[in-house]
$ cat my_file.cif   # mmCIF, C-alpha atoms
data_my_file
#
loop_
_atom_site.label_atom_id
_atom_site.label_comp_id
_atom_site.auth_asym_id
_atom_site.auth_seq_id
_atom_site.Cartn_x
_atom_site.Cartn_y
_atom_site.Cartn_z
CA MET A 1 -67.54 -37.63 34.45
CA THR A 2 -64.18 -36.08 35.12
CA GLN A 3 -64.12 -34.61 38.63
CA ALA A 4 -61.61 -36.36 40.89
CA ASP A 5 -63.70 -36.22 44.05
CA HIS A 6 -67.29 -37.22 44.56
CA PHE A 7 -69.81 -37.50 47.38
CA ALA A 8 -72.14 -40.26 48.54
CA PHE A 9 -75.71 -39.17 47.91
CA PRO A 10 -78.34 -38.73 49.37
CA PHE A 11 -76.53 -36.76 52.07
CA PRO A 12 -77.23 -37.50 55.76
CA ALA A 13 -79.66 -34.86 56.98
CA PRO A 14 -79.70 -33.01 60.33
CA SER A 15 -82.23 -34.02 62.98
CA LEU A 16 -84.48 -31.05 62.28
CA PRO A 17 -86.09 -30.61 58.84
CA GLU A 18 -83.09 -28.69 57.50
CA PRO A 19 -81.34 -29.36 54.21
CA PRO A 20 -78.00 -31.16 54.48
CA PRO A 21 -75.12 -28.69 55.03
CA GLN A 22 -73.35 -30.08 51.96
CA PHE A 23 -75.81 -28.17 49.76
CA ALA A 24 -74.55 -24.79 51.02
CA LEU A 25 -70.94 -25.85 50.50
CA LEU A 26 -71.58 -27.09 46.96
CA ARG A 27 -73.44 -23.92 45.95
CA GLU A 28 -70.17 -22.07 46.55
CA ARG A 29 -68.07 -24.44 44.42
CA PRO A 30 -67.76 -23.88 40.68
CA GLY A 31 -69.54 -26.33 38.42
CA LEU A 32 -71.73 -29.28 39.34
CA ALA A 33 -70.89 -31.86 42.02
CA GLU A 34 -70.34 -35.50 41.17
CA VAL A 35 -72.22 -37.85 43.51
CA GLU A 36 -72.43 -41.60 43.97
CA LEU A 37 -75.94 -43.01 44.36
CA PRO A 38 -77.07 -45.96 46.54
CA THR A 39 -77.10 -48.10 43.39
CA GLY A 40 -73.41 -47.38 42.76
CA ASP A 41 -74.24 -45.20 39.76
CA ARG A 42 -72.84 -41.68 39.42
CA ALA A 43 -74.76 -38.47 38.79
CA TRP A 44 -74.23 -34.72 38.60
CA LEU A 45 -75.91 -32.81 41.44
CA VAL A 46 -77.28 -29.34 40.62
CA THR A 47 -77.46 -27.13 43.72
CA ARG A 48 -77.85 -23.50 42.58
CA TYR A 49 -81.27 -22.00 41.91
CA ARG A 50 -80.50 -20.63 38.44
CA ASP A 51 -78.93 -23.93 37.34
CA VAL A 52 -81.83 -26.02 38.65
CA ARG A 53 -84.33 -23.86 36.78
CA ALA A 54 -82.24 -23.95 33.62
CA MET A 55 -81.91 -27.72 33.82
CA LEU A 56 -85.63 -28.33 34.32
CA ALA A 57 -86.43 -26.15 31.30
CA ASP A 58 -83.88 -27.83 29.02
CA PRO A 59 -85.10 -30.74 26.83
CA ALA A 60 -81.53 -32.07 26.82
CA PHE A 61 -82.31 -33.53 30.26
CA SER A 62 -84.85 -36.30 29.82
CA ARG A 63 -87.16 -38.17 32.15
CA ALA A 64 -88.00 -40.77 29.49
CA ALA A 65 -84.31 -41.68 29.18
CA THR A 66 -84.28 -42.76 32.85
CA THR A 67 -86.38 -45.80 31.92
CA ARG A 68 -83.69 -47.26 29.64
CA PRO A 69 -81.97 -50.41 30.96
CA GLU A 70 -78.53 -48.80 30.94
CA ALA A 71 -79.60 -45.52 32.57
CA PRO A 72 -78.18 -44.55 35.99
CA ARG A 73 -80.78 -44.73 38.72
CA LEU A 74 -81.25 -43.51 42.28
CA GLY A 75 -83.24 -46.44 43.65
CA PRO A 76 -83.48 -50.18 43.07
CA ALA A 77 -86.26 -49.96 40.45
CA ARG A 78 -86.47 -47.90 37.29
CA PRO A 79 -89.26 -45.39 36.58
CA GLU A 80 -92.30 -46.88 34.87
CA PRO A 81 -92.28 -45.99 31.14
CA ALA A 82 -96.07 -45.56 31.14
CA SER A 83 -95.93 -42.99 33.97
CA MET A 84 -96.46 -39.37 32.99
CA MET A 85 -93.57 -38.49 35.32
CA ALA A 86 -91.25 -40.61 33.15
CA MET A 87 -92.27 -39.05 29.84
CA ASP A 88 -91.02 -36.23 27.65
CA PRO A 89 -93.04 -34.23 25.12
CA PRO A 90 -95.06 -34.92 23.06
CA GLU A 91 -96.29 -37.96 25.07
CA HIS A 92 -96.09 -36.05 28.35
CA THR A 93 -97.93 -33.08 26.84
CA ARG A 94 -100.78 -35.27 25.61
CA LEU A 95 -101.35 -36.89 29.02
CA ARG A 96 -100.95 -33.68 30.98
CA ARG A 97 -103.64 -32.00 28.87
CA LEU A 98 -106.02 -34.80 29.77
CA VAL A 99 -105.28 -34.69 33.50
CA ALA A 100 -104.84 -30.95 34.11
CA PRO A 101 -108.58 -30.05 34.05
CA GLU A 102 -109.15 -32.54 36.89
CA PHE A 103 -107.00 -30.34 39.18
CA SER A 104 -108.42 -26.98 38.15
CA SER A 105 -108.95 -24.17 40.64
CA GLY A 106 -112.69 -24.76 40.31
CA ARG A 107 -112.43 -28.38 41.43
CA VAL A 108 -110.20 -27.35 44.34
CA GLU A 109 -112.73 -24.73 45.47
CA ARG A 110 -115.54 -27.30 45.26
CA LEU A 111 -113.40 -29.60 47.35
CA ARG A 112 -112.65 -27.01 50.04
CA PRO A 113 -115.86 -27.39 52.15
CA TRP A 114 -115.29 -31.16 52.29
CA LEU A 115 -111.63 -30.54 53.14
CA GLU A 116 -112.57 -28.19 55.99
CA ARG A 117 -115.10 -30.68 57.40
CA SER A 118 -112.68 -33.58 57.14
CA THR A 119 -109.86 -31.63 58.78
CA ALA A 120 -112.14 -30.47 61.59
CA GLY A 121 -113.24 -34.07 62.14
CA LEU A 122 -109.64 -35.29 62.38
CA VAL A 123 -108.71 -32.53 64.82
CA GLU A 124 -111.80 -33.20 66.96
CA ALA A 125 -110.79 -36.86 67.16
CA ILE A 126 -107.37 -35.73 68.39
CA VAL A 127 -109.02 -33.53 71.04
CA ARG A 128 -111.30 -36.34 72.21
CA ALA A 129 -108.36 -38.73 72.59
CA GLY A 130 -106.61 -36.13 74.69
CA PRO A 131 -102.95 -35.22 75.03
CA PRO A 132 -100.36 -36.33 74.27
CA ALA A 133 -101.37 -36.90 70.67
CA ASP A 134 -99.43 -37.74 67.52
CA LEU A 135 -100.09 -35.18 64.77
CA VAL A 136 -98.59 -37.48 62.15
CA ALA A 137 -100.97 -40.38 62.81
CA GLY A 138 -103.87 -38.08 63.66
CA LEU A 139 -103.62 -35.49 60.90
CA ALA A 140 -100.56 -35.44 58.60
CA GLU A 141 -101.09 -39.00 57.35
CA PRO A 142 -104.89 -39.29 57.11
CA LEU A 143 -105.63 -35.84 55.66
CA PRO A 144 -103.70 -36.12 52.37
CA LEU A 145 -104.68 -39.75 52.01
CA LEU A 146 -108.37 -39.01 52.49
CA THR A 147 -108.08 -36.05 50.11
CA ILE A 148 -106.41 -37.86 47.24
CA CYS A 149 -108.69 -40.85 47.69
CA LYS A 150 -111.68 -38.49 47.61
CA LEU A 151 -110.40 -37.04 44.34
CA LEU A 152 -109.71 -40.47 42.84
CA GLY A 153 -112.85 -42.08 44.21
CA VAL A 154 -111.03 -44.67 46.34
CA SER A 155 -113.13 -46.30 49.07
CA ASP A 156 -112.12 -46.09 52.73
CA GLY A 157 -111.62 -49.84 52.80
CA ASP A 158 -108.68 -49.55 50.38
CA LEU A 159 -106.79 -46.88 52.33
CA ALA A 160 -104.56 -48.97 54.58
CA GLU A 161 -103.38 -51.23 51.76
CA PHE A 162 -102.61 -48.29 49.49
CA VAL A 163 -100.50 -46.65 52.22
CA ARG A 164 -98.47 -49.82 52.75
CA LEU A 165 -97.83 -50.19 49.03
CA ILE A 166 -96.91 -46.54 48.51
CA GLU A 167 -94.40 -46.62 51.37
CA ALA A 168 -92.79 -49.80 50.06
CA SER A 169 -92.62 -48.53 46.47
CA LEU A 170 -90.55 -45.48 47.45
CA ARG A 171 -87.63 -47.31 49.06
CA VAL A 172 -84.16 -46.60 47.67
CA ALA A 173 -81.89 -49.27 49.21
CA PRO A 174 -80.58 -51.62 46.46
CA GLU A 175 -81.20 -54.71 48.59
CA GLN A 176 -84.91 -53.86 48.68
CA ARG A 177 -85.35 -54.16 44.92
CA GLU A 178 -87.68 -57.16 45.11
CA GLU A 179 -89.82 -55.46 47.76
CA VAL A 180 -90.06 -52.28 45.66
CA GLU A 181 -90.93 -54.12 42.46
CA SER A 182 -93.50 -56.27 44.28
CA ALA A 183 -95.13 -53.18 45.81
CA ARG A 184 -95.26 -51.41 42.45
CA SER A 185 -96.78 -54.47 40.81
CA ARG A 186 -99.43 -54.80 43.51
CA LEU A 187 -100.17 -51.08 43.37
CA ARG A 188 -100.78 -51.34 39.62
CA GLU A 189 -103.03 -54.35 40.18
CA ALA A 190 -105.01 -52.50 42.84
CA LEU A 191 -105.50 -49.50 40.56
CA ALA A 192 -106.50 -51.77 37.66
CA GLU A 193 -109.15 -53.32 39.90
CA LEU A 194 -110.35 -49.85 40.90
CA VAL A 195 -110.50 -48.75 37.25
CA ALA A 196 -112.65 -51.77 36.45
CA ARG A 197 -115.07 -50.76 39.21
CA LYS A 198 -115.18 -47.18 37.85
CA ARG A 199 -116.07 -48.46 34.39
CA ALA A 200 -118.96 -50.39 35.87
CA ALA A 201 -120.15 -47.58 38.15
CA PRO A 202 -118.54 -44.20 37.31
CA GLY A 203 -118.75 -41.36 39.80
CA ASP A 204 -117.81 -37.68 40.09
CA ASP A 205 -114.09 -38.27 40.57
CA VAL A 206 -110.82 -38.00 38.69
CA LEU A 207 -110.46 -41.71 37.99
CA SER A 208 -113.96 -41.92 36.52
CA SER A 209 -113.15 -38.98 34.22
CA LEU A 210 -109.92 -40.64 33.11
CA THR A 211 -111.83 -43.87 32.51
CA ARG A 212 -114.07 -41.97 30.10
CA HIS A 213 -110.97 -40.77 28.26
CA ARG A 214 -110.00 -44.45 27.95
CA ALA A 215 -113.38 -45.26 26.46
CA GLU A 216 -112.88 -42.46 23.93
CA GLY A 217 -109.51 -43.89 22.88
CA ARG A 218 -107.46 -41.04 24.32
CA LEU A 219 -105.73 -43.27 26.90
CA ASP A 220 -104.72 -46.90 26.84
CA ASP A 221 -105.10 -49.23 29.84
CA GLU A 222 -101.45 -49.06 30.87
CA GLU A 223 -101.43 -45.25 30.80
CA LEU A 224 -104.67 -45.06 32.77
CA VAL A 225 -103.41 -47.30 35.56
CA ALA A 226 -100.04 -45.52 35.62
CA LEU A 227 -101.80 -42.16 35.97
CA GLY A 228 -103.79 -43.50 38.91
CA VAL A 229 -100.61 -44.74 40.59
CA THR A 230 -98.84 -41.43 39.96
CA ILE A 231 -101.69 -39.30 41.32
CA LEU A 232 -102.09 -41.50 44.39
CA THR A 233 -98.38 -41.56 45.22
CA ALA A 234 -97.68 -37.90 44.47
CA GLY A 235 -100.84 -36.78 46.27
CA TYR A 236 -100.12 -38.61 49.51
CA HIS A 237 -96.49 -38.94 50.50
CA PRO A 238 -95.13 -35.44 49.67
CA VAL A 239 -98.10 -33.70 51.32
CA ARG A 240 -97.86 -35.95 54.39
CA ASN A 241 -94.26 -34.91 54.93
CA ALA A 242 -94.76 -31.26 53.98
CA LEU A 243 -97.47 -31.00 56.64
CA ALA A 244 -95.63 -32.99 59.34
CA ASN A 245 -92.28 -31.29 58.77
CA GLY A 246 -93.89 -27.87 58.46
CA LEU A 247 -95.71 -28.36 61.77
CA LEU A 248 -92.44 -29.36 63.39
CA VAL A 249 -90.77 -26.19 62.11
CA LEU A 250 -93.53 -24.03 63.59
CA LEU A 251 -93.71 -25.93 66.89
CA SER A 252 -89.94 -25.57 67.24
CA ARG A 253 -90.35 -21.79 66.92
CA PRO A 254 -93.06 -20.74 69.42
CA GLY A 255 -92.62 -17.08 68.48
CA ASP A 256 -93.46 -17.76 64.84
CA LEU A 257 -96.37 -19.96 65.87
CA ASP A 258 -97.77 -17.21 68.12
CA ARG A 259 -97.35 -14.69 65.33
CA LEU A 260 -99.29 -16.88 62.92
CA ARG A 261 -102.00 -17.43 65.52
CA GLU A 262 -102.32 -13.67 66.11
CA ARG A 263 -102.21 -12.83 62.39
CA PRO A 264 -104.07 -15.57 60.49
CA GLU A 265 -103.97 -13.37 57.38
CA LEU A 266 -100.33 -14.50 57.07
CA LEU A 267 -101.38 -18.09 56.40
CA PRO A 268 -101.00 -17.93 52.59
CA THR A 269 -97.47 -16.52 52.72
CA ALA A 270 -96.63 -18.79 55.68
CA VAL A 271 -97.56 -21.88 53.66
CA GLU A 272 -95.35 -20.74 50.78
CA GLU A 273 -92.46 -20.09 53.17
CA LEU A 274 -92.82 -23.50 54.81
CA LEU A 275 -92.77 -25.10 51.37
CA ARG A 276 -89.56 -23.21 50.58
CA TYR A 277 -87.91 -23.70 53.96
CA THR A 278 -88.72 -27.34 54.62
CA PRO A 279 -86.90 -29.88 52.40
CA GLY A 280 -89.01 -32.20 50.30
CA PRO A 281 -87.66 -35.27 48.52
CA VAL A 282 -84.45 -36.62 50.00
CA SER A 283 -83.04 -36.82 46.47
CA GLY A 284 -83.59 -33.08 46.01
CA GLY A 285 -85.59 -33.71 42.86
CA THR A 286 -86.32 -36.30 40.21
CA ILE A 287 -83.33 -37.76 38.38
CA ARG A 288 -82.92 -37.04 34.65
CA VAL A 289 -80.54 -38.30 31.95
CA ALA A 290 -78.82 -36.15 29.33
CA VAL A 291 -79.76 -37.14 25.77
CA ARG A 292 -76.96 -35.10 24.20
CA ASP A 293 -73.73 -33.45 25.26
CA THR A 294 -74.42 -30.07 26.81
CA TRP A 295 -73.19 -27.55 29.36
CA LEU A 296 -74.89 -26.81 32.68
CA GLY A 297 -73.61 -24.63 35.51
CA GLY A 298 -70.12 -24.53 34.04
CA THR A 299 -69.87 -28.32 33.71
CA ARG A 300 -69.91 -30.36 30.53
CA VAL A 301 -72.57 -33.08 30.86
CA CYS A 302 -72.23 -35.92 28.38
CA ALA A 303 -75.07 -37.87 26.78
CA GLY A 304 -76.12 -40.76 29.02
CA GLU A 305 -75.04 -39.10 32.28
CA ALA A 306 -77.55 -38.58 35.09
CA VAL A 307 -78.35 -35.20 36.63
CA ILE A 308 -80.28 -34.52 39.84
CA PRO A 309 -81.87 -31.11 40.51
CA ALA A 310 -81.46 -30.32 44.23
CA ILE A 311 -84.65 -28.35 44.73
CA ALA A 312 -84.13 -28.20 48.51
CA SER A 313 -80.78 -26.52 47.87
CA ALA A 314 -82.18 -24.14 45.25
CA ASN A 315 -84.83 -23.00 47.71
CA ARG A 316 -82.08 -21.93 50.15
CA ASP A 317 -79.94 -20.15 47.55
CA PRO A 318 -78.96 -16.75 49.06
CA SER A 319 -78.54 -15.24 45.60
CA VAL A 320 -82.34 -15.48 45.24
CA PHE A 321 -83.70 -15.47 48.81
CA ALA A 322 -82.54 -12.80 51.24
CA ASP A 323 -81.45 -14.34 54.55
CA ALA A 324 -82.29 -17.68 52.96
CA ASP A 325 -81.76 -19.81 56.08
CA ARG A 326 -84.23 -17.76 58.13
CA LEU A 327 -87.93 -18.65 58.30
CA ASP A 328 -89.91 -15.55 57.31
CA LEU A 329 -93.65 -16.18 57.39
CA ALA A 330 -94.32 -12.89 55.56
CA ARG A 331 -91.65 -13.41 52.84
CA GLN A 332 -92.61 -11.71 49.58
CA PRO A 333 -91.80 -12.32 46.85
CA ASN A 334 -91.13 -16.01 47.32
CA PRO A 335 -90.24 -17.67 43.99
CA HIS A 336 -89.61 -21.10 45.54
CA ILE A 337 -89.71 -24.17 43.32
CA ALA A 338 -90.97 -26.75 45.83
CA PHE A 339 -93.51 -27.99 43.27
CA GLY A 340 -90.95 -28.00 40.46
CA PRO A 341 -90.81 -25.52 37.57
CA GLY A 342 -91.22 -26.39 33.93
CA ILE A 343 -93.38 -28.97 32.21
CA HIS A 344 -93.32 -31.32 35.21
CA HIS A 345 -94.69 -28.72 37.63
CA CYS A 346 -96.89 -30.57 40.12
CA LEU A 347 -100.48 -30.72 38.86
CA GLY A 348 -101.76 -31.09 42.42
CA ALA A 349 -100.00 -27.98 43.77
CA SER A 350 -103.27 -26.11 44.39
CA VAL A 351 -104.72 -29.12 46.24
CA ALA A 352 -101.61 -29.41 48.41
CA ARG A 353 -101.69 -25.69 49.22
CA ALA A 354 -105.35 -25.96 50.23
CA GLU A 355 -104.63 -28.95 52.49
CA LEU A 356 -101.74 -27.21 54.23
CA THR A 357 -103.65 -23.95 54.69
CA VAL A 358 -106.79 -25.62 56.06
CA ALA A 359 -104.80 -27.90 58.37
CA LEU A 360 -102.82 -25.02 59.88
CA ALA A 361 -105.87 -22.78 60.24
CA THR A 362 -107.86 -25.53 61.96
CA LEU A 363 -105.09 -26.41 64.42
CA LEU A 364 -104.41 -22.78 65.32
CA ARG A 365 -108.10 -22.12 65.93
CA ARG A 366 -108.97 -25.35 67.79
CA LEU A 367 -105.75 -25.89 69.77
CA PRO A 368 -104.40 -22.47 70.79
CA GLY A 369 -102.02 -24.02 73.35
CA LEU A 370 -100.45 -26.48 70.91
CA ARG A 371 -96.82 -27.35 71.75
CA LEU A 372 -94.33 -30.19 71.37
CA ALA A 373 -94.65 -32.96 73.94
CA VAL A 374 -91.02 -34.07 73.54
CA ALA A 375 -87.73 -32.41 72.69
CA ALA A 376 -87.21 -32.05 68.95
CA ASP A 377 -84.03 -34.16 69.08
CA GLU A 378 -86.08 -37.10 70.41
CA LEU A 379 -88.18 -37.35 67.25
CA ARG A 380 -87.67 -40.34 64.97
CA TRP A 381 -87.14 -39.83 61.24
CA SER A 382 -88.22 -42.22 58.54
CA GLY A 383 -85.38 -43.55 56.44
CA GLY A 384 -84.74 -45.43 53.26
CA THR A 385 -87.33 -43.70 51.07
CA MET A 386 -87.04 -40.92 48.50
CA ILE A 387 -89.03 -38.52 50.71
CA ARG A 388 -87.88 -37.95 54.30
CA GLY A 389 -90.19 -37.10 57.17
CA ILE A 390 -90.76 -37.58 60.87
CA GLU A 391 -92.48 -40.77 61.98
CA GLU A 392 -94.30 -39.21 64.96
CA LEU A 393 -95.02 -35.68 66.17
CA PRO A 394 -96.19 -35.87 69.83
CA VAL A 395 -97.94 -32.71 71.03
CA ARG A 396 -99.83 -31.30 74.01
CA TRP A 397 -102.16 -28.32 74.35
#
$ encode --input "my_file.cif" --output "structure tokens"
Amino acid sequence: MTQADHFAFPFPAPSLPEPPPQFALLRERPGLAEVELPTGDRAWLVTRYRDVRAMLADPAFSRAATTRPEAPRLGPARPEPASMMAMDPPEHTRLRRLVAPEFSSGRVERLRPWLERSTAGLVEAIVRAGPPADLVAGLAEPLPLLTICKLLGVSDGDLAEFVRLIEASLRVAPEQREEVESARSRLREALAELVARKRAAPGDDVLSSLTRHRAEGRLDDEELVALGVTILTAGYHPVRNALANGLLVLLSRPGDLDRLRERPELLPTAVEELLRYTPGPVSGGTIRVAVRDTWLGGTRVCAGEAVIPAIASANRDPSVFADADRLDLARQPNPHIAFGPGIHHCLGASVARAELTVALATLLRRLPGLRLAVAADELRWSGGTMIRGIEELPVRW
């Protein structure tokens, strides 16, 4: 790396779910930005939409290389080599072909009636408890957790422990390395125990299907457990924060909330706009390592250097999105990349979209007077993990 100046990364974020202002500044600068990570490692940060898409389509930038002992890293623990998210083709292609049918549009549609009943039940519990209520504890946390556990076939009795382990495994502070590694180890053990139960008594769920692939020799034990961990983690935490942060955006803009209530046909485009507008992972995207010297965004990236795609920045790039910093619930077209483009595009994107749409529709219908119970600047934000969200969302109606 040759730039003289660099920035500490992740950037501090504003109180509201807005991307850090540094992203807008860096989009205007030529080349990539050099950043220093919490581990002390350096990386190139990619902030422009066209460069992020180009990077994520280029095999020169590897996920598998991030597992090497000498590779730069964002957090205290390295990616798991057996995880599909830490693989490149052809290994990644093989696993993705096995998993993709489990998240087909047909399965999502079969899931929708259950999703609507479960969401209605959670909202009714909020109503019974009466205002003020916390939409994070009452809806944004339990809905994605119940959904992904339904898909995986996880029993209700395992929910609380899985949440604790997922939260701990996502921490980025270097001094929490032992905690992160312990949580990851326990999460793998818990999934291995669940896999054993699925072998003994398979059901109509994703984990049972993957267990059958194991029996057919298409997966080994380590890959099977790693897939379970990946699906559980990716299916809970990002959706939890997308829903909580998206609700905060709407509740902070009563006019937009009223418009959505009056025109429910806008829900599909509104969900896409909230996904674009509301930042996701605090890192901006998943770190990659260059496996050969190459050029990206006007910067020479050398083999062995780390690169981070700032998806939250790309989704606010004014060269792609007109009036990019304005929330437009009817925005079309909306080529956001919240779920990531390329071969690592989120397999559960259709499930997440269904959860967000059903949750918003249910709240708008059941609680027409929904409003914030505190000022937005009084909300507490979670810190120290790779995905940032609000801890509580107190509301009245």
$ closest_residue --input "my_file.cif" --among "A:Ala168, A:Leu393, A:Ala13, A:Leu356" --to "A:Ala77" --atoms "all atoms listed in the file"
A:Ala168
$ atom_distance --input "my_file.cif" --atom1 "atom CA of A:Ala234" --atom2 "atom CA of A:Glu18"
21.6 Å
$ resolve_selection --input "my_file.cif" --expression "the PyMOL selection byres ((chain A and resi 40) around 9)" --output "PyMOL selection string"
chain A and resi 36-39+41-42+72-74
$ closest_residue --input "my_file.cif" --among "A:Ala306, A:Arg253, A:Ala43, A:Val301" --to "A:Val289" --atoms "all atoms listed in the file"
A:Ala306
$ atom_distance --input "my_file.cif" --atom1 "atom CA of A:Ser313" --atom2 "atom CA of A:Ala290"
21.0 Å
$ closest_residue --input "my_file.cif" --among "A:Arg365, A:His92, A:Tyr49, A:Ile390" --to "A:Ala324" --atoms "all atoms listed in the file"
A:Tyr49
$ residues_near_point --input "my_file.cif" --point "(-106.6, -38.5, 50.0)" --cutoff "12 Å" --atoms "all atoms listed in the file" --output "JSON, numbers by chain"
{"A": [111, 114, 115, 118, 119, 139, 140, 141, 142, 143, 144, 145, 146, 147, 148, 149, 150, 151, 152, 153, 154, 155, 156, 158, 159, 160, 162, 163, 231, 232, 233, 234, 235, 236, 237, 238, 239, 240, 348, 351, 352, 355]}
$ resolve_selection --input "my_file.cif" --expression "the PyMOL selection byres ((chain A and resi 264) around 12)" --output "PDB file with C-alpha atoms, in the coordinates of the input"
ATOM      1  CA  ASP A 256     -93.460 -17.760  64.840  1.00  0.00           C
ATOM      2  CA  LEU A 257     -96.370 -19.960  65.870  1.00  0.00           C
ATOM      3  CA  ASP A 258     -97.770 -17.210  68.120  1.00  0.00           C
ATOM      4  CA  ARG A 259     -97.350 -14.690  65.330  1.00  0.00           C
ATOM      5  CA  LEU A 260     -99.290 -16.880  62.920  1.00  0.00           C
ATOM      6  CA  ARG A 261    -102.000 -17.430  65.520  1.00  0.00           C
ATOM      7  CA  GLU A 262    -102.320 -13.670  66.110  1.00  0.00           C
ATOM      8  CA  ARG A 263    -102.210 -12.830  62.390  1.00  0.00           C
ATOM      9  CA  GLU A 265    -103.970 -13.370  57.380  1.00  0.00           C
ATOM     10  CA  LEU A 266    -100.330 -14.500  57.070  1.00  0.00           C
ATOM     11  CA  LEU A 267    -101.380 -18.090  56.400  1.00  0.00           C
ATOM     12  CA  PRO A 268    -101.000 -17.930  52.590  1.00  0.00           C
ATOM     13  CA  THR A 269     -97.470 -16.520  52.720  1.00  0.00           C
ATOM     14  CA  ALA A 270     -96.630 -18.790  55.680  1.00  0.00           C
ATOM     15  CA  VAL A 271     -97.560 -21.880  53.660  1.00  0.00           C
ATOM     16  CA  LEU A 329     -93.650 -16.180  57.390  1.00  0.00           C
ATOM     17  CA  ALA A 330     -94.320 -12.890  55.560  1.00  0.00           C
ATOM     18  CA  THR A 357    -103.650 -23.950  54.690  1.00  0.00           C
ATOM     19  CA  VAL A 358    -106.790 -25.620  56.060  1.00  0.00           C
ATOM     20  CA  LEU A 360    -102.820 -25.020  59.880  1.00  0.00           C
ATOM     21  CA  ALA A 361    -105.870 -22.780  60.240  1.00  0.00           C
ATOM     22  CA  THR A 362    -107.860 -25.530  61.960  1.00  0.00           C
ATOM     23  CA  LEU A 363    -105.090 -26.410  64.420  1.00  0.00           C
ATOM     24  CA  LEU A 364    -104.410 -22.780  65.320  1.00  0.00           C
ATOM     25  CA  ARG A 365    -108.100 -22.120  65.930  1.00  0.00           C
TER      26      ARG A 365
END
$ closest_residue --input "my_file.cif" --among "A:Asp293, A:Asp205, A:Glu167, A:Asp328" --to "A:Ala60" --atoms "only C-alpha atoms"
A:Asp293
$ closest_residue --input "my_file.cif" --among "A:Val180, A:Pro17, A:Gly297, A:Ser62" --to "A:Arg276" --atoms "only C-alpha atoms"
A:Pro17
$ resolve_selection --input "my_file.cif" --expression "the PyMOL selection byres ((chain A and resi 318-321) around 9)" --output "ChimeraX atom specification"
/A:48-50,314-317,322-325,333-336
$ closest_residue --input "my_file.cif" --among "A:Leu372, A:Ala349, A:Ala86, A:Glu91" --to "A:Val108" --atoms "only C-alpha atoms"
A:Ala349
$ atom_distance --input "my_file.cif" --atom1 "atom CA of A:Val374" --atom2 "atom CA of A:Glu273"
24.7 Å
